[in-house]
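Data block for entry_38.cif (mmCIF, N, CA, C and O atoms):
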data_data
loop_
_atom_site.label_atom_id
_atom_site.label_comp_id
_atom_site.auth_asym_id
_atom_site.auth_seq_id
_atom_site.Cartn_x
_atom_site.Cartn_y
_atom_site.Cartn_z
N MET T 1 103.67 158.80 126.43
CA MET T 1 103.38 157.75 127.36
C MET T 1 102.12 157.01 126.91
O MET T 1 101.08 157.63 126.71
N ASP T 2 102.21 155.73 126.71
CA ASP T 2 101.07 154.92 126.30
C ASP T 2 100.42 154.31 127.54
O ASP T 2 101.04 153.57 128.29
N VAL T 3 99.15 154.63 127.71
CA VAL T 3 98.37 154.10 128.82
C VAL T 3 97.36 153.11 128.25
O VAL T 3 96.63 153.45 127.32
N PRO T 4 97.32 151.89 128.78
CA PRO T 4 96.32 150.94 128.28
C PRO T 4 94.90 151.43 128.54
O PRO T 4 94.64 152.12 129.54
N LEU T 5 94.01 151.09 127.63
CA LEU T 5 92.63 151.54 127.75
C LEU T 5 91.98 151.06 129.04
O LEU T 5 91.28 151.81 129.70
N TRP T 6 92.26 149.84 129.43
CA TRP T 6 91.63 149.30 130.64
C TRP T 6 92.08 150.07 131.88
O TRP T 6 91.31 150.31 132.80
N LEU T 7 93.35 150.50 131.90
CA LEU T 7 93.84 151.27 133.04
C LEU T 7 93.20 152.66 133.08
O LEU T 7 92.81 153.15 134.15
N ALA T 8 93.07 153.28 131.92
CA ALA T 8 92.43 154.59 131.86
C ALA T 8 90.98 154.51 132.31
O ALA T 8 90.49 155.39 133.03
N LEU T 9 90.28 153.44 131.92
CA LEU T 9 88.89 153.28 132.32
C LEU T 9 88.76 153.10 133.83
O LEU T 9 87.85 153.66 134.45
N ILE T 10 89.68 152.35 134.42
CA ILE T 10 89.64 152.15 135.88
C ILE T 10 89.88 153.47 136.61
O ILE T 10 89.19 153.79 137.58
N VAL T 11 90.85 154.24 136.15
CA VAL T 11 91.17 155.51 136.81
C VAL T 11 90.01 156.49 136.67
O VAL T 11 89.60 157.12 137.66
N VAL T 12 89.45 156.61 135.47
CA VAL T 12 88.33 157.53 135.26
C VAL T 12 87.12 157.09 136.09
O VAL T 12 86.44 157.91 136.70
N GLY T 13 86.87 155.80 136.13
CA GLY T 13 85.76 155.30 136.93
C GLY T 13 85.93 155.56 138.41
O GLY T 13 85.01 155.97 139.10
N ALA T 14 87.13 155.33 138.91
CA ALA T 14 87.39 155.55 140.34
C ALA T 14 87.26 157.03 140.70
O ALA T 14 86.66 157.36 141.73
N LEU T 15 87.79 157.90 139.86
CA LEU T 15 87.66 159.33 140.13
C LEU T 15 86.21 159.79 140.05
O LEU T 15 85.76 160.60 140.86
N GLY T 16 85.49 159.28 139.06
CA GLY T 16 84.09 159.66 138.92
C GLY T 16 83.26 159.23 140.12
O GLY T 16 82.42 159.98 140.61
N VAL T 17 83.49 158.02 140.60
CA VAL T 17 82.74 157.53 141.76
C VAL T 17 83.10 158.32 143.00
O VAL T 17 82.24 158.66 143.82
N LYS T 18 84.37 158.64 143.15
CA LYS T 18 84.81 159.36 144.34
C LYS T 18 84.28 160.81 144.36
O LYS T 18 83.88 161.31 145.40
N LEU T 19 84.27 161.46 143.20
CA LEU T 19 83.89 162.87 143.16
C LEU T 19 82.39 163.10 143.02
O LEU T 19 81.84 163.99 143.65
N ILE T 20 81.73 162.30 142.19
CA ILE T 20 80.32 162.55 141.89
C ILE T 20 79.39 161.64 142.69
O ILE T 20 78.26 161.99 142.97
N ARG T 21 79.85 160.45 143.05
CA ARG T 21 79.10 159.45 143.81
C ARG T 21 77.82 158.99 143.12
O ARG T 21 76.74 158.99 143.71
N PRO T 22 77.93 158.58 141.84
CA PRO T 22 76.75 158.00 141.17
C PRO T 22 76.56 156.55 141.60
O PRO T 22 77.43 155.98 142.24
N PRO T 23 75.43 155.95 141.25
CA PRO T 23 75.24 154.54 141.56
C PRO T 23 76.27 153.68 140.82
O PRO T 23 76.66 154.01 139.69
N TRP T 24 76.68 152.59 141.44
CA TRP T 24 77.71 151.72 140.84
C TRP T 24 77.25 151.12 139.52
O TRP T 24 78.04 150.96 138.60
N TRP T 25 75.95 150.79 139.39
CA TRP T 25 75.48 150.18 138.16
C TRP T 25 75.60 151.16 137.00
O TRP T 25 75.89 150.77 135.88
N LEU T 26 75.39 152.45 137.26
CA LEU T 26 75.51 153.46 136.20
C LEU T 26 76.96 153.59 135.74
O LEU T 26 77.23 153.69 134.54
N VAL T 27 77.87 153.56 136.66
CA VAL T 27 79.29 153.62 136.32
C VAL T 27 79.68 152.41 135.47
O VAL T 27 80.36 152.55 134.45
N ALA T 28 79.24 151.23 135.87
CA ALA T 28 79.57 150.02 135.14
C ALA T 28 79.01 150.06 133.72
O ALA T 28 79.69 149.70 132.76
N VAL T 29 77.77 150.51 133.58
CA VAL T 29 77.14 150.58 132.25
C VAL T 29 77.88 151.58 131.35
O VAL T 29 78.15 151.29 130.18
N LEU T 30 78.22 152.73 131.89
CA LEU T 30 78.92 153.74 131.08
C LEU T 30 80.32 153.28 130.67
O LEU T 30 80.73 153.47 129.51
N LEU T 31 81.05 152.69 131.58
CA LEU T 31 82.40 152.23 131.26
C LEU T 31 82.37 151.07 130.28
O LEU T 31 83.15 151.04 129.32
N LEU T 32 81.50 150.12 130.49
CA LEU T 32 81.41 148.98 129.58
C LEU T 32 80.92 149.43 128.21
O LEU T 32 81.44 148.99 127.17
N GLY T 33 79.94 150.31 128.18
CA GLY T 33 79.44 150.83 126.91
C GLY T 33 80.51 151.59 126.14
O GLY T 33 80.66 151.44 124.93
N GLY T 34 81.28 152.42 126.84
CA GLY T 34 82.37 153.15 126.19
C GLY T 34 83.45 152.23 125.66
O GLY T 34 83.98 152.43 124.57
N TYR T 35 83.76 151.21 126.43
CA TYR T 35 84.77 150.24 126.00
C TYR T 35 84.31 149.49 124.76
O TYR T 35 85.06 149.30 123.82
N LEU T 36 83.06 149.08 124.74
CA LEU T 36 82.53 148.35 123.59
C LEU T 36 82.41 149.24 122.36
O LEU T 36 82.67 148.80 121.24
N LEU T 37 82.04 150.51 122.55
CA LEU T 37 81.96 151.43 121.41
C LEU T 37 83.33 151.74 120.83
O LEU T 37 83.47 151.95 119.63
N ALA T 38 84.35 151.77 121.67
CA ALA T 38 85.69 152.08 121.20
C ALA T 38 86.23 151.00 120.28
O ALA T 38 87.11 151.26 119.46
N ASP T 39 85.68 149.79 120.38
CA ASP T 39 86.15 148.68 119.56
C ASP T 39 85.12 148.28 118.51
O ASP T 39 85.19 147.20 117.96
N SER T 40 84.16 149.16 118.21
CA SER T 40 83.10 148.82 117.27
C SER T 40 83.34 149.51 115.93
O SER T 40 84.28 150.27 115.76
N VAL T 41 82.41 149.25 115.00
CA VAL T 41 82.50 149.90 113.69
C VAL T 41 82.14 151.38 113.78
O VAL T 41 82.41 152.13 112.86
N LEU T 42 81.56 151.80 114.89
CA LEU T 42 81.19 153.20 115.08
C LEU T 42 82.36 154.06 115.57
O LEU T 42 82.24 155.28 115.61
N ALA T 43 83.47 153.43 115.92
CA ALA T 43 84.60 154.17 116.48
C ALA T 43 85.12 155.27 115.55
O ALA T 43 85.37 156.39 116.02
N PRO T 44 85.29 155.04 114.24
CA PRO T 44 85.76 156.14 113.38
C PRO T 44 84.78 157.32 113.33
O PRO T 44 85.20 158.47 113.32
N ALA T 45 83.50 157.03 113.33
CA ALA T 45 82.50 158.11 113.30
C ALA T 45 82.53 158.91 114.60
O ALA T 45 82.43 160.12 114.59
N ILE T 46 82.66 158.21 115.71
CA ILE T 46 82.72 158.89 117.00
C ILE T 46 84.00 159.73 117.10
O ILE T 46 83.98 160.86 117.57
N ASP T 47 85.10 159.18 116.61
CA ASP T 47 86.38 159.90 116.63
C ASP T 47 86.30 161.18 115.81
O ASP T 47 86.79 162.22 116.22
N THR T 48 85.66 161.10 114.64
CA THR T 48 85.51 162.29 113.80
C THR T 48 84.62 163.33 114.47
O THR T 48 84.91 164.52 114.42
N ALA T 49 83.55 162.88 115.10
CA ALA T 49 82.63 163.81 115.75
C ALA T 49 83.28 164.49 116.97
O ALA T 49 83.03 165.67 117.23
N VAL T 50 84.12 163.77 117.67
CA VAL T 50 84.76 164.34 118.86
C VAL T 50 85.83 165.35 118.48
O VAL T 50 85.99 166.37 119.14
N LYS T 51 86.53 165.07 117.41
CA LYS T 51 87.59 166.00 116.97
C LYS T 51 86.94 167.15 116.28
O LYS T 51 87.16 168.21 116.23
#
Please go through the file and, once you have read it, give me the structure as structure tokens.
Amino acid sequence: MDVPLWLALIVVGALGVKLIRPPWWLVAVLLLGGYLLADSVLAPAIDTAVK
């Protein structure tokens, strides 16, 4: 099943806010930062480090 990245980010963000209740600005910064890193030149390095 292929899930679009934007949909996964929305779901993870909604669950995180509901369960942990962090400030909204922190959620926005983390989601936007993760989205931008996933499409950057650092993505292969991050992928290797995570695996």
Check your understanding: Which parts of chain T does DSSP call alpha helix (DSSP H) when run on the backbone here, written out as a PyMOL selection string?
Key -> chain T and resi 5-20+24-38+43-50
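Between CA of Leu32 (chain T) and CA of Leu9 (chain T) lies a distance of 9.1 Å.
We find atom C of Pro23 (chain T) and atom C of Ala8 (chain T) to be spaced 17.0 Å apart.
The space separating atom N of Ala14 (chain T) from CA of Val27 (chain T) comes to 8.4 Å.
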Complete region 7-18 of chain T at the level of all heavy atoms, written as a CSV table (one decimal), keeping the file's coordinate frame.
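Result saved to rebuild_23.csv:
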chain,number,residue,atom,x,y,z
T,7,LEU,N,93.4,150.5,131.9
T,7,LEU,CA,93.8,151.3,133.0
T,7,LEU,C,93.2,152.7,133.1
T,7,LEU,O,92.8,153.2,134.2
T,7,LEU,CB,95.4,151.4,133.0
T,7,LEU,CG,96.0,152.2,134.1
T,7,LEU,CD1,95.7,151.5,135.4
T,7,LEU,CD2,97.5,152.3,133.9
T,8,ALA,N,93.1,153.3,131.9
T,8,ALA,CA,92.4,154.6,131.9
T,8,ALA,C,91.0,154.5,132.3
T,8,ALA,O,90.5,155.4,133.0
T,8,ALA,CB,92.5,155.2,130.5
T,9,LEU,N,90.3,153.4,131.9
T,9,LEU,CA,88.9,153.3,132.3
T,9,LEU,C,88.8,153.1,133.8
T,9,LEU,O,87.8,153.7,134.4
T,9,LEU,CB,88.3,152.1,131.6
T,9,LEU,CG,88.0,152.3,130.1
T,9,LEU,CD1,87.5,151.0,129.5
T,9,LEU,CD2,87.0,153.4,129.9
T,10,ILE,N,89.7,152.4,134.4
T,10,ILE,CA,89.6,152.2,135.9
T,10,ILE,C,89.9,153.5,136.6
T,10,ILE,O,89.2,153.8,137.6
T,10,ILE,CB,90.7,151.1,136.3
T,10,ILE,CG1,90.2,149.7,135.8
T,10,ILE,CG2,90.9,151.1,137.8
T,10,ILE,CD1,91.2,148.6,136.0
T,11,VAL,N,90.8,154.2,136.2
T,11,VAL,CA,91.2,155.5,136.8
T,11,VAL,C,90.0,156.5,136.7
T,11,VAL,O,89.6,157.1,137.7
T,11,VAL,CB,92.5,156.1,136.2
T,11,VAL,CG1,92.7,157.5,136.7
T,11,VAL,CG2,93.6,155.2,136.6
T,12,VAL,N,89.4,156.6,135.5
T,12,VAL,CA,88.3,157.5,135.3
T,12,VAL,C,87.1,157.1,136.1
T,12,VAL,O,86.4,157.9,136.7
T,12,VAL,CB,88.0,157.6,133.8
T,12,VAL,CG1,86.6,158.3,133.5
T,12,VAL,CG2,89.1,158.3,133.0
T,13,GLY,N,86.9,155.8,136.1
T,13,GLY,CA,85.8,155.3,136.9
T,13,GLY,C,85.9,155.6,138.4
T,13,GLY,O,85.0,156.0,139.1
T,14,ALA,N,87.1,155.3,138.9
T,14,ALA,CA,87.4,155.6,140.3
T,14,ALA,C,87.3,157.0,140.7
T,14,ALA,O,86.7,157.4,141.7
T,14,ALA,CB,88.8,155.0,140.7
T,15,LEU,N,87.8,157.9,139.9
T,15,LEU,CA,87.7,159.3,140.1
T,15,LEU,C,86.2,159.8,140.0
T,15,LEU,O,85.8,160.6,140.9
T,15,LEU,CB,88.5,160.1,139.2
T,15,LEU,CG,90.0,160.1,139.4
T,15,LEU,CD1,90.8,160.8,138.3
T,15,LEU,CD2,90.4,160.7,140.7
T,16,GLY,N,85.5,159.3,139.1
T,16,GLY,CA,84.1,159.7,138.9
T,16,GLY,C,83.3,159.2,140.1
T,16,GLY,O,82.4,160.0,140.6
T,17,VAL,N,83.5,158.0,140.6
T,17,VAL,CA,82.7,157.5,141.8
T,17,VAL,C,83.1,158.3,143.0
T,17,VAL,O,82.2,158.7,143.8
T,17,VAL,CB,83.0,156.0,142.0
T,17,VAL,CG1,82.5,155.5,143.3
T,17,VAL,CG2,82.4,155.2,140.8
T,18,LYS,N,84.4,158.6,143.2
T,18,LYS,CA,84.8,159.4,144.3
T,18,LYS,C,84.3,160.8,144.4
T,18,LYS,O,83.9,161.3,145.4
T,18,LYS,CB,86.3,159.4,144.4
T,18,LYS,CG,86.9,159.9,145.7
T,18,LYS,CD,88.4,159.8,145.8
T,18,LYS,CE,88.9,160.2,147.1
T,18,LYS,NZ,90.3,160.0,147.3
